[in-house]
Every structure is written in C-alpha cells, then in structure tokens.
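Working notes, beginning with the structure itself.
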Amino acid sequence: MKRSYRLITIALLTTFGLTTTACKDYLQEELVSTLTNDYYNTEKGLEDLVKAAYEQTRFKYANEHSYAMFNFGTDEFTHADQVNYVYWNTYERARLNTGNGIESFVHDVWTADYDGINRCNIGIDKIPAFTGTTTLATPAQKAQRLGELHFLRAYYYFQLVQQYGAIPISLKPTESVQLEYERTPVPQVYQQIIKDLRFAEENLSPTSAEFGRATKGAAQHYLAKVYLTRGSAITDERGQKPTDVDSAAYYADQVITSGRYILENDFARLWDISSYANNRAAQTSREVIFSTQFNNVITLAGRFGNRVHSYFTMFYEDTPGMSRDLLNDRPFRRLMPTNYTMDIYDRRNDSRFYKSFKTAWLANNAATIPPWTAANAPTPALVGQRKFVIGDTAIFIRVNTPRLRSRLPRLLARATLRLRAISATLLAP
C-alpha cells in the first residue's frame, strides 16, 4: 500500500510540473461569437430579437407532432397505413401514458411556444424605453415592432390554450430559473390573447416591405379566429360572450373588404412546391394573410425543415413506372382524409378538391414499366414494347361520390346474391 501511494504521488507531481512549465505555450482563445442579454440593449439586437420571435412559428411544422397533435382527433383526417403515432387518433390511454415519444411531443410544443413567448416579452419590456437612431427612432417605428411582438405572443398563447387548456400566463421576461407557475384559467387566457391581438391590430401597418412580418390584416384575421373559437364553445368554459360571433364576423369582414387580399385564380398555385421559386411565389400570394417562413438555407431549417406535406403522401414507388422523387414527395402516409372531408366539396363546381388532393401520378421510371407479352398484347406488333412511357399516367385514383358510397352496401349485397345464384346454377345436376 505504501509503495502504491508513492507511485501515485509521483505521477501527480509529474503532471503538475508539466502543466506549470508548459502553460505559456497554451493557445489563448478569444471568445467573440457569444451574445448575452446586453445585445438587446442595442438597436440591432432588438431588431434581431423581433425577427427571432417569429422563429418558433416554424416548430408546429417540424416533426410528427405536427399531425399527431394538430390533425388527429379532428373531423377532417384520420390515420393512414403507417400508424407510427396512431394512438393520438384512437385515444389509447395506455399508450398515451407510457412514453413512445408522447412526453416529447407534449414537452416540445410547450417549450417551443413558451420560448417564443419569452422572446416577445423581452422585446415588449425593452423597446418602449429604448432610444434608437434608425429603425427604432420614432414612436411609429416602435409601435410597429411592439405590434408584431404582441401579435406573436397572442399566436403562441392561442396555440397553447387549445392544446393544454389552463396554462401559465407570463407577461414579463424570464431571466432566471423558475420552477413553479400557477395555471391561469382558460377564460383569462382568452382575455389576454384578445388584448394582445387588439393592441397589434391598432398598431400594425396594413402592409410590410419585408414579407412574412405580421400586418394589421393578420391581427384582424386572428381576432376573428379567436372570437369564433371562444364564442362557439358549448360545454367548455372559455369566457364566451354573446357578442363573440358578431366580433368574429366584424374582424373577418375587415380583412375581406380591405382590398389587400385577393383569391388566386388557380387555387393549386398556393401549394406549388415544384421549385423553390414557385414556392416563394406561393408564399407571397395576395391570398396569404400570414404564413410561417421557410427558406432554402439548410443550416437555418432545423433538423426536419418544413416536412408536414410529406405526412399526407401515399405510397406510390412500388407501382410499375414509378420511383420516389422530389416532385412526388416522400410517402410517409401518416394521414388520410375522412369521408367528411371528401364529401364537403362540391366537386362539380368547385375545382379546389382536385387541386388539394392528388389523384394521378405520371410515370417517372422507365426501368419498371412492364412490356407487352404475347399473352396480353393488343396486337403482335406491340410484343416486347413498354406498355406506356415516361409522362403517361401510372396511377389514377377514382374518387367515389357520396351517393355511390351510400349505395355500396346494397350493390355488394346484390352482387353476392347473384354470385350465389350463378354458383347454384353451375352446381345443379
């Protein structure tokens, strides 16, 4: 034991000696890229803070919580054949309470929204007393940025109250660890949301040179949504008032009659992701009142980027003539529309159905297009040739009408009876 002690001591002394004699040769690094809260005491810092307050609007569209928490459980969509988080749609209590990423979804949406709220609170706290020289030099400039922050704070709280019910309301910056919060009753949450949106509506400009910033029309649009959501409650206690529906109609009418928004002649243009340029054109359409902004800078897109559209795509790549490509998207196939969604469109007079749902896929893979054979070729001259070519229709989905769907049970019953009659005839002696 004594010998071991001496060896350890020598080793420690040797190491200490090396560190004390070689210290002068260590690389001295100057940390220049770290920002502190002092940055928000500058004009550029506050402008960047306002921009950063928009960033968490992306999170809703970032991963599988985007449909599990926002589409499942509604009238419009149900689960498709890939059932990764189907228990959000089927309300399987045992699975919802035992992990499987559930805590992550609930935690992550909660955290992202409160992160956005705190950014808003910092700006709302600092901008009024700040004296700027360029972008925050006048009361009007300050009012514009404060309007954006009030709008975004209301946006995040509206999302939270619909998901979680009674939630903590924080209107001041959080600058240290706080472990306990009291939940604010739902009616008071709605009061705060409306208060923020009305401030935004009064102070925001009708237009913005930088597309993506909140405008007066965006605040009016969300006021209509919030009043309608609060006022339409039947059993929930949201603090609803008899005037809520009238208020919703009033603010919706303000948007409609403003002259700043126009419906697209081609509804499909709004969903064009065939190229980045077309997607940017869609986002800047005059039909869009407010949208979450994404760009083609991979380093700024987060881990998943904007991938929600992929969760609706059906499996197509195993069909002859097809292979996975960017235009047809990655077939995650997590969701499918319900019959209610399919039937709510007037398909004869409303083209939006066929511009919202994909019903045809064009062949993009010559290698898997089957050839005609002697057994199935219409003419001998076609034997050995491909049945179709690149660009031809490889998949076509026939959409049943509500009338036909209601008749299907009777049609199937008749077909069954006929088959039985034919079988009986064939088997008769």
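Following the order of the structure tokens, first chain is A, next is B, and so on, with residues numbered from 1 inside each chain and ligands from 1 in the order they appear.
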Got a sec: who's within 12 Å of Phe388 of chain A, counting only C-alpha atoms, leaving out chain neighbours fewer than 2 positions off, as a list in words? Pro320, Gly321, Met322, Leu362, Ala363, Asn364, Asn365, Ala366, Ala367, Thr368, Ile369, Pro370, Pro371, Trp372, Leu382, Gly384, Gln385, Arg386, Ile390, Gly391, Asp392, Thr393, Ala394 and Ile395 of chain A
Surrounding residues of segment 289-306 of chain A excluding itself and chain neighbours under 4 positions, 7 Å, only C-alpha atoms, as a PyMOL selection string: chain A and resi 57-58+61-63+212+214+217-218
Go ahead and save the residues from that selection, with N, CA, C and O atoms, as a short mmCIF file (atom, residue, chain, number, x, y, z; two decimals), in the first residue's frame.
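Written output follows (out_12.cif):
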data_model
loop_
_atom_site.label_atom_id
_atom_site.label_comp_id
_atom_site.auth_asym_id
_atom_site.auth_seq_id
_atom_site.Cartn_x
_atom_site.Cartn_y
_atom_site.Cartn_z
N THR A 57 -42.60 29.94 -34.75
CA THR A 57 -43.80 29.59 -35.52
C THR A 57 -43.52 28.41 -36.43
O THR A 57 -44.45 27.71 -36.87
N ARG A 58 -42.25 28.14 -36.73
CA ARG A 58 -41.89 27.00 -37.59
C ARG A 58 -42.08 25.67 -36.89
O ARG A 58 -42.28 24.65 -37.55
N TYR A 61 -44.57 22.83 -37.64
CA TYR A 61 -44.48 22.10 -38.91
C TYR A 61 -43.21 21.27 -39.02
O TYR A 61 -42.84 20.83 -40.10
N ALA A 62 -42.55 21.03 -37.89
CA ALA A 62 -41.20 20.48 -37.94
C ALA A 62 -41.12 18.96 -37.84
O ALA A 62 -40.16 18.38 -38.31
N ASN A 63 -42.08 18.30 -37.22
CA ASN A 63 -41.91 16.86 -36.99
C ASN A 63 -43.29 16.21 -36.83
O ASN A 63 -44.30 16.82 -37.14
N GLY A 212 -43.67 38.37 -44.61
CA GLY A 212 -43.56 37.43 -43.50
C GLY A 212 -43.82 38.08 -42.16
O GLY A 212 -44.19 37.41 -41.20
N ALA A 214 -45.88 40.24 -39.43
CA ALA A 214 -47.30 40.39 -39.13
C ALA A 214 -47.80 41.75 -39.59
O ALA A 214 -47.08 42.75 -39.52
N GLY A 217 -53.87 43.16 -41.14
CA GLY A 217 -54.79 42.13 -41.61
C GLY A 217 -54.60 40.81 -40.89
O GLY A 217 -55.58 40.09 -40.62
N ALA A 218 -53.35 40.47 -40.58
CA ALA A 218 -53.08 39.23 -39.85
C ALA A 218 -53.70 39.29 -38.45
O ALA A 218 -54.28 38.32 -37.96
#
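When the distance limit is 9 Å and only C-alpha atoms are what count, the residues near Ala268 of chain A, minus those fewer than 4 positions from it on the same chain, are Glu264, Asp272, Arg352, Tyr354, Lys355 and Ser356 of chain A.
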With segment 74-97 of chain A as the partner and 10 Å as the cut-off, tabulate the residues of segment 292-402 of chain A that qualify, each row holding the nearest pair of atoms and their distance in Å to one decimal, using only C-alpha atoms, sorted by chain and rising number, as JSON lines.
{"residue": "A:Tyr311", "atom": "CA", "partner": "A:Gln82", "partner_atom": "CA", "distance": 9.5}
{"residue": "A:Phe312", "atom": "CA", "partner": "A:Ala80", "partner_atom": "CA", "distance": 8.5}
{"residue": "A:Thr313", "atom": "CA", "partner": "A:Ala80", "partner_atom": "CA", "distance": 9.7}
{"residue": "A:Met314", "atom": "CA", "partner": "A:Ala80", "partner_atom": "CA", "distance": 8.5}
{"residue": "A:Phe315", "atom": "CA", "partner": "A:Asp81", "partner_atom": "CA", "distance": 9.3}
{"residue": "A:Pro331", "atom": "CA", "partner": "A:Gln82", "partner_atom": "CA", "distance": 9.7}
{"residue": "A:Phe332", "atom": "CA", "partner": "A:Gln82", "partner_atom": "CA", "distance": 7.2}
{"residue": "A:Arg333", "atom": "CA", "partner": "A:Gln82", "partner_atom": "CA", "distance": 5.8}
{"residue": "A:Arg334", "atom": "CA", "partner": "A:Ala80", "partner_atom": "CA", "distance": 5.1}
{"residue": "A:Leu335", "atom": "CA", "partner": "A:His79", "partner_atom": "CA", "distance": 4.5}
{"residue": "A:Met336", "atom": "CA", "partner": "A:Ala80", "partner_atom": "CA", "distance": 5.2}
{"residue": "A:Pro337", "atom": "CA", "partner": "A:Phe77", "partner_atom": "CA", "distance": 4.4}
{"residue": "A:Thr338", "atom": "CA", "partner": "A:Phe77", "partner_atom": "CA", "distance": 5.2}
{"residue": "A:Asn339", "atom": "CA", "partner": "A:Glu76", "partner_atom": "CA", "distance": 8.1}
{"residue": "A:Tyr340", "atom": "CA", "partner": "A:Glu76", "partner_atom": "CA", "distance": 6.5}
{"residue": "A:Thr341", "atom": "CA", "partner": "A:Glu76", "partner_atom": "CA", "distance": 5.2}
{"residue": "A:Met342", "atom": "CA", "partner": "A:Glu76", "partner_atom": "CA", "distance": 8.6}
{"residue": "A:Ile344", "atom": "CA", "partner": "A:Glu76", "partner_atom": "CA", "distance": 9.8}
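The gap separating atom CA of Ile122 of chain A from atom CA of Asn41 of chain A is 10.6 Å, in Å to one decimal.
Between atom CA of Arg286 of chain A and atom CA of Arg260 of chain A there is a distance of 7.1 Å.
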Can you check which residues of segment 107-355 of chain A DSSP gives as alpha helix (DSSP H) on the backbone and send them as JSON, numbers by chain? {"A": [107, 108, 109, 110, 111, 112, 113, 114, 115, 116, 117, 118, 119, 120, 121, 122, 123, 124, 125, 126, 139, 140, 141, 142, 143, 144, 145, 146, 147, 148, 149, 150, 151, 152, 153, 154, 155, 156, 157, 158, 159, 160, 161, 162, 163, 164, 186, 187, 188, 189, 190, 191, 192, 193, 194, 195, 196, 197, 198, 199, 200, 201, 202, 203, 216, 217, 218, 219, 220, 221, 222, 223, 224, 225, 226, 227, 228, 229, 230, 231, 244, 245, 246, 247, 248, 249, 250, 251, 252, 253, 254, 255, 256, 276, 277, 278, 279, 280, 281, 282, 283, 339, 340, 341, 342, 343, 352, 353, 354, 355]}
Residue contacts of Arg145 of chain A (10 Å, only C-alpha atoms) excluding same-chain residues fewer than 4 positions away, as a VMD selection string: chain A and resid 46 to 47 50 to 51 123 to 124 127 135 to 136 140 to 141 149 to 151 200 203 to 205 213 to 214
Convert the current residue selection to file output with all heavy atoms, as a short mmCIF file (atom, residue, chain, number, x, y, z; two decimals), in the first residue's frame.
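New file selection08.cif:
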data_model
loop_
_atom_site.label_atom_id
_atom_site.label_comp_id
_atom_site.auth_asym_id
_atom_site.auth_seq_id
_atom_site.Cartn_x
_atom_site.Cartn_y
_atom_site.Cartn_z
N LEU A 46 -32.22 44.49 -30.76
CA LEU A 46 -33.68 44.47 -30.63
C LEU A 46 -34.35 44.09 -31.94
O LEU A 46 -35.36 43.37 -31.95
CB LEU A 46 -34.18 45.83 -30.15
CG LEU A 46 -33.92 46.14 -28.67
CD1 LEU A 46 -34.31 47.58 -28.34
CD2 LEU A 46 -34.69 45.17 -27.77
N GLU A 47 -33.79 44.57 -33.05
CA GLU A 47 -34.34 44.18 -34.35
C GLU A 47 -34.18 42.67 -34.58
O GLU A 47 -35.09 42.00 -35.06
CB GLU A 47 -33.66 44.96 -35.48
CG GLU A 47 -34.07 46.42 -35.57
CD GLU A 47 -35.51 46.59 -36.07
OE1 GLU A 47 -36.12 45.61 -36.54
OE2 GLU A 47 -36.02 47.71 -36.00
N VAL A 50 -36.77 40.77 -32.51
CA VAL A 50 -38.10 40.71 -33.11
C VAL A 50 -38.15 39.64 -34.19
O VAL A 50 -39.10 38.85 -34.28
CB VAL A 50 -38.51 42.08 -33.68
CG1 VAL A 50 -39.85 41.99 -34.40
CG2 VAL A 50 -38.58 43.12 -32.56
N LYS A 51 -37.11 39.58 -35.01
CA LYS A 51 -37.06 38.53 -36.04
C LYS A 51 -37.04 37.14 -35.40
O LYS A 51 -37.70 36.22 -35.86
CB LYS A 51 -35.82 38.72 -36.92
CG LYS A 51 -35.84 39.97 -37.78
CD LYS A 51 -34.54 40.11 -38.56
CE LYS A 51 -34.52 41.39 -39.38
NZ LYS A 51 -33.22 41.58 -40.10
N GLY A 123 -38.72 41.80 -25.80
CA GLY A 123 -38.88 42.96 -26.68
C GLY A 123 -39.92 43.93 -26.17
O GLY A 123 -39.72 45.16 -26.21
N ILE A 124 -41.06 43.41 -25.70
CA ILE A 124 -42.13 44.28 -25.18
C ILE A 124 -41.65 45.04 -23.95
O ILE A 124 -42.05 46.20 -23.72
CB ILE A 124 -43.37 43.42 -24.85
CG1 ILE A 124 -43.99 42.90 -26.16
CG2 ILE A 124 -44.40 44.23 -24.06
CD1 ILE A 124 -45.08 41.87 -25.95
N ILE A 127 -38.32 47.67 -25.65
CA ILE A 127 -38.46 48.62 -26.75
C ILE A 127 -39.05 49.97 -26.34
O ILE A 127 -38.57 51.02 -26.79
CB ILE A 127 -39.28 47.99 -27.91
CG1 ILE A 127 -38.42 46.92 -28.61
CG2 ILE A 127 -39.73 49.05 -28.91
CD1 ILE A 127 -39.15 46.16 -29.70
N THR A 135 -33.92 52.40 -37.03
CA THR A 135 -35.17 51.63 -37.18
C THR A 135 -36.09 51.73 -35.98
O THR A 135 -37.27 51.38 -36.08
CB THR A 135 -34.84 50.14 -37.43
OG1 THR A 135 -34.04 49.65 -36.33
CG2 THR A 135 -34.09 49.96 -38.73
N LEU A 136 -35.58 52.19 -34.84
CA LEU A 136 -36.41 52.35 -33.65
C LEU A 136 -36.29 53.78 -33.12
O LEU A 136 -36.24 54.03 -31.93
CB LEU A 136 -35.97 51.36 -32.56
CG LEU A 136 -36.20 49.88 -32.86
CD1 LEU A 136 -35.60 49.00 -31.78
CD2 LEU A 136 -37.70 49.57 -33.01
N ALA A 140 -43.70 55.66 -34.11
CA ALA A 140 -44.37 54.79 -35.09
C ALA A 140 -43.55 53.53 -35.34
O ALA A 140 -44.12 52.43 -35.47
CB ALA A 140 -44.60 55.55 -36.39
N GLN A 141 -42.23 53.67 -35.43
CA GLN A 141 -41.37 52.50 -35.64
C GLN A 141 -41.44 51.55 -34.44
O GLN A 141 -41.51 50.33 -34.60
CB GLN A 141 -39.93 52.95 -35.88
CG GLN A 141 -39.71 53.64 -37.22
CD GLN A 141 -38.30 54.21 -37.35
OE1 GLN A 141 -37.74 54.74 -36.38
NE2 GLN A 141 -37.73 54.13 -38.54
N LEU A 149 -44.74 41.92 -31.87
CA LEU A 149 -44.49 41.07 -30.70
C LEU A 149 -45.78 40.72 -29.96
O LEU A 149 -45.94 39.58 -29.50
CB LEU A 149 -43.51 41.78 -29.75
CG LEU A 149 -42.10 41.97 -30.32
CD1 LEU A 149 -41.26 42.84 -29.38
CD2 LEU A 149 -41.41 40.62 -30.55
N HIS A 150 -46.69 41.66 -29.86
CA HIS A 150 -47.99 41.36 -29.24
C HIS A 150 -48.76 40.34 -30.09
O HIS A 150 -49.42 39.45 -29.54
CB HIS A 150 -48.81 42.64 -29.06
CG HIS A 150 -48.42 43.43 -27.85
ND1 HIS A 150 -48.96 43.21 -26.61
CD2 HIS A 150 -47.54 44.47 -27.70
CE1 HIS A 150 -48.44 44.06 -25.74
NE2 HIS A 150 -47.57 44.85 -26.38
N PHE A 151 -48.68 40.49 -31.40
CA PHE A 151 -49.34 39.51 -32.29
C PHE A 151 -48.76 38.11 -32.07
O PHE A 151 -49.51 37.14 -31.92
CB PHE A 151 -49.16 39.93 -33.75
CG PHE A 151 -49.59 38.87 -34.73
CD1 PHE A 151 -50.92 38.74 -35.10
CD2 PHE A 151 -48.66 37.98 -35.26
CE1 PHE A 151 -51.33 37.75 -35.99
CE2 PHE A 151 -49.06 36.98 -36.14
CZ PHE A 151 -50.40 36.86 -36.51
N ALA A 200 -52.16 44.71 -31.31
CA ALA A 200 -51.49 44.50 -32.60
C ALA A 200 -52.31 45.11 -33.73
O ALA A 200 -51.77 45.79 -34.62
CB ALA A 200 -51.29 43.01 -32.84
N ASN A 203 -51.87 48.85 -33.95
CA ASN A 203 -50.53 49.41 -34.15
C ASN A 203 -49.79 48.89 -35.38
O ASN A 203 -48.81 49.51 -35.80
CB ASN A 203 -49.67 49.15 -32.91
CG ASN A 203 -50.10 49.99 -31.72
OD1 ASN A 203 -49.71 51.16 -31.60
ND2 ASN A 203 -50.90 49.41 -30.84
N LEU A 204 -50.22 47.78 -35.93
CA LEU A 204 -49.51 47.22 -37.07
C LEU A 204 -49.87 47.95 -38.36
O LEU A 204 -51.01 48.40 -38.55
CB LEU A 204 -49.83 45.73 -37.23
CG LEU A 204 -49.16 44.79 -36.24
CD1 LEU A 204 -49.71 43.38 -36.39
CD2 LEU A 204 -47.65 44.79 -36.43
N SER A 205 -48.90 48.02 -39.25
CA SER A 205 -49.14 48.61 -40.57
C SER A 205 -49.93 47.62 -41.43
O SER A 205 -49.80 46.41 -41.28
CB SER A 205 -47.79 48.91 -41.24
OG SER A 205 -47.98 49.27 -42.58
N ARG A 213 -43.63 39.40 -42.09
CA ARG A 213 -43.93 40.10 -40.84
C ARG A 213 -45.45 40.21 -40.67
O ARG A 213 -46.20 40.27 -41.64
CB ARG A 213 -43.31 41.48 -40.81
CG ARG A 213 -41.78 41.49 -40.70
CD ARG A 213 -41.28 42.90 -40.48
NE ARG A 213 -39.82 43.00 -40.45
CZ ARG A 213 -39.08 42.87 -39.35
NH1 ARG A 213 -39.68 42.64 -38.18
NH2 ARG A 213 -37.77 42.98 -39.41
N ALA A 214 -45.88 40.24 -39.43
CA ALA A 214 -47.30 40.39 -39.13
C ALA A 214 -47.80 41.75 -39.59
O ALA A 214 -47.08 42.75 -39.52
CB ALA A 214 -47.54 40.21 -37.64
#
Can you pull out the residues contacting segment 179-187 of chain A? Cut-off 12 Å, using only C-alpha atoms, and skip same-chain residues under 6 positions away; I want them as number ranges by chain. A: 157-158, 160-170, 193-194, 226-227, 229-231, 233, 236-241
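Proximity ranking of A:Ser351, A:Gln220, A:Thr235, A:Gln188 relative to Ser247 of chain A places A:Gln220 first, based on only C-alpha atoms.
With only C-alpha atoms as the atoms that count, the residue of A:His221, A:Arg324, A:Ile273, A:Val109 with the shortest distance to Ser258 of chain A is A:His221.
Proximity ranking of A:Met69, A:Ala224, A:Ile234, A:Ala52 relative to Tyr250 of chain A places A:Ala224 first, based on only C-alpha atoms.
The space between atom CA of Ala375 of chain A and atom CA of Trp361 of chain A spans 26.8 Å.
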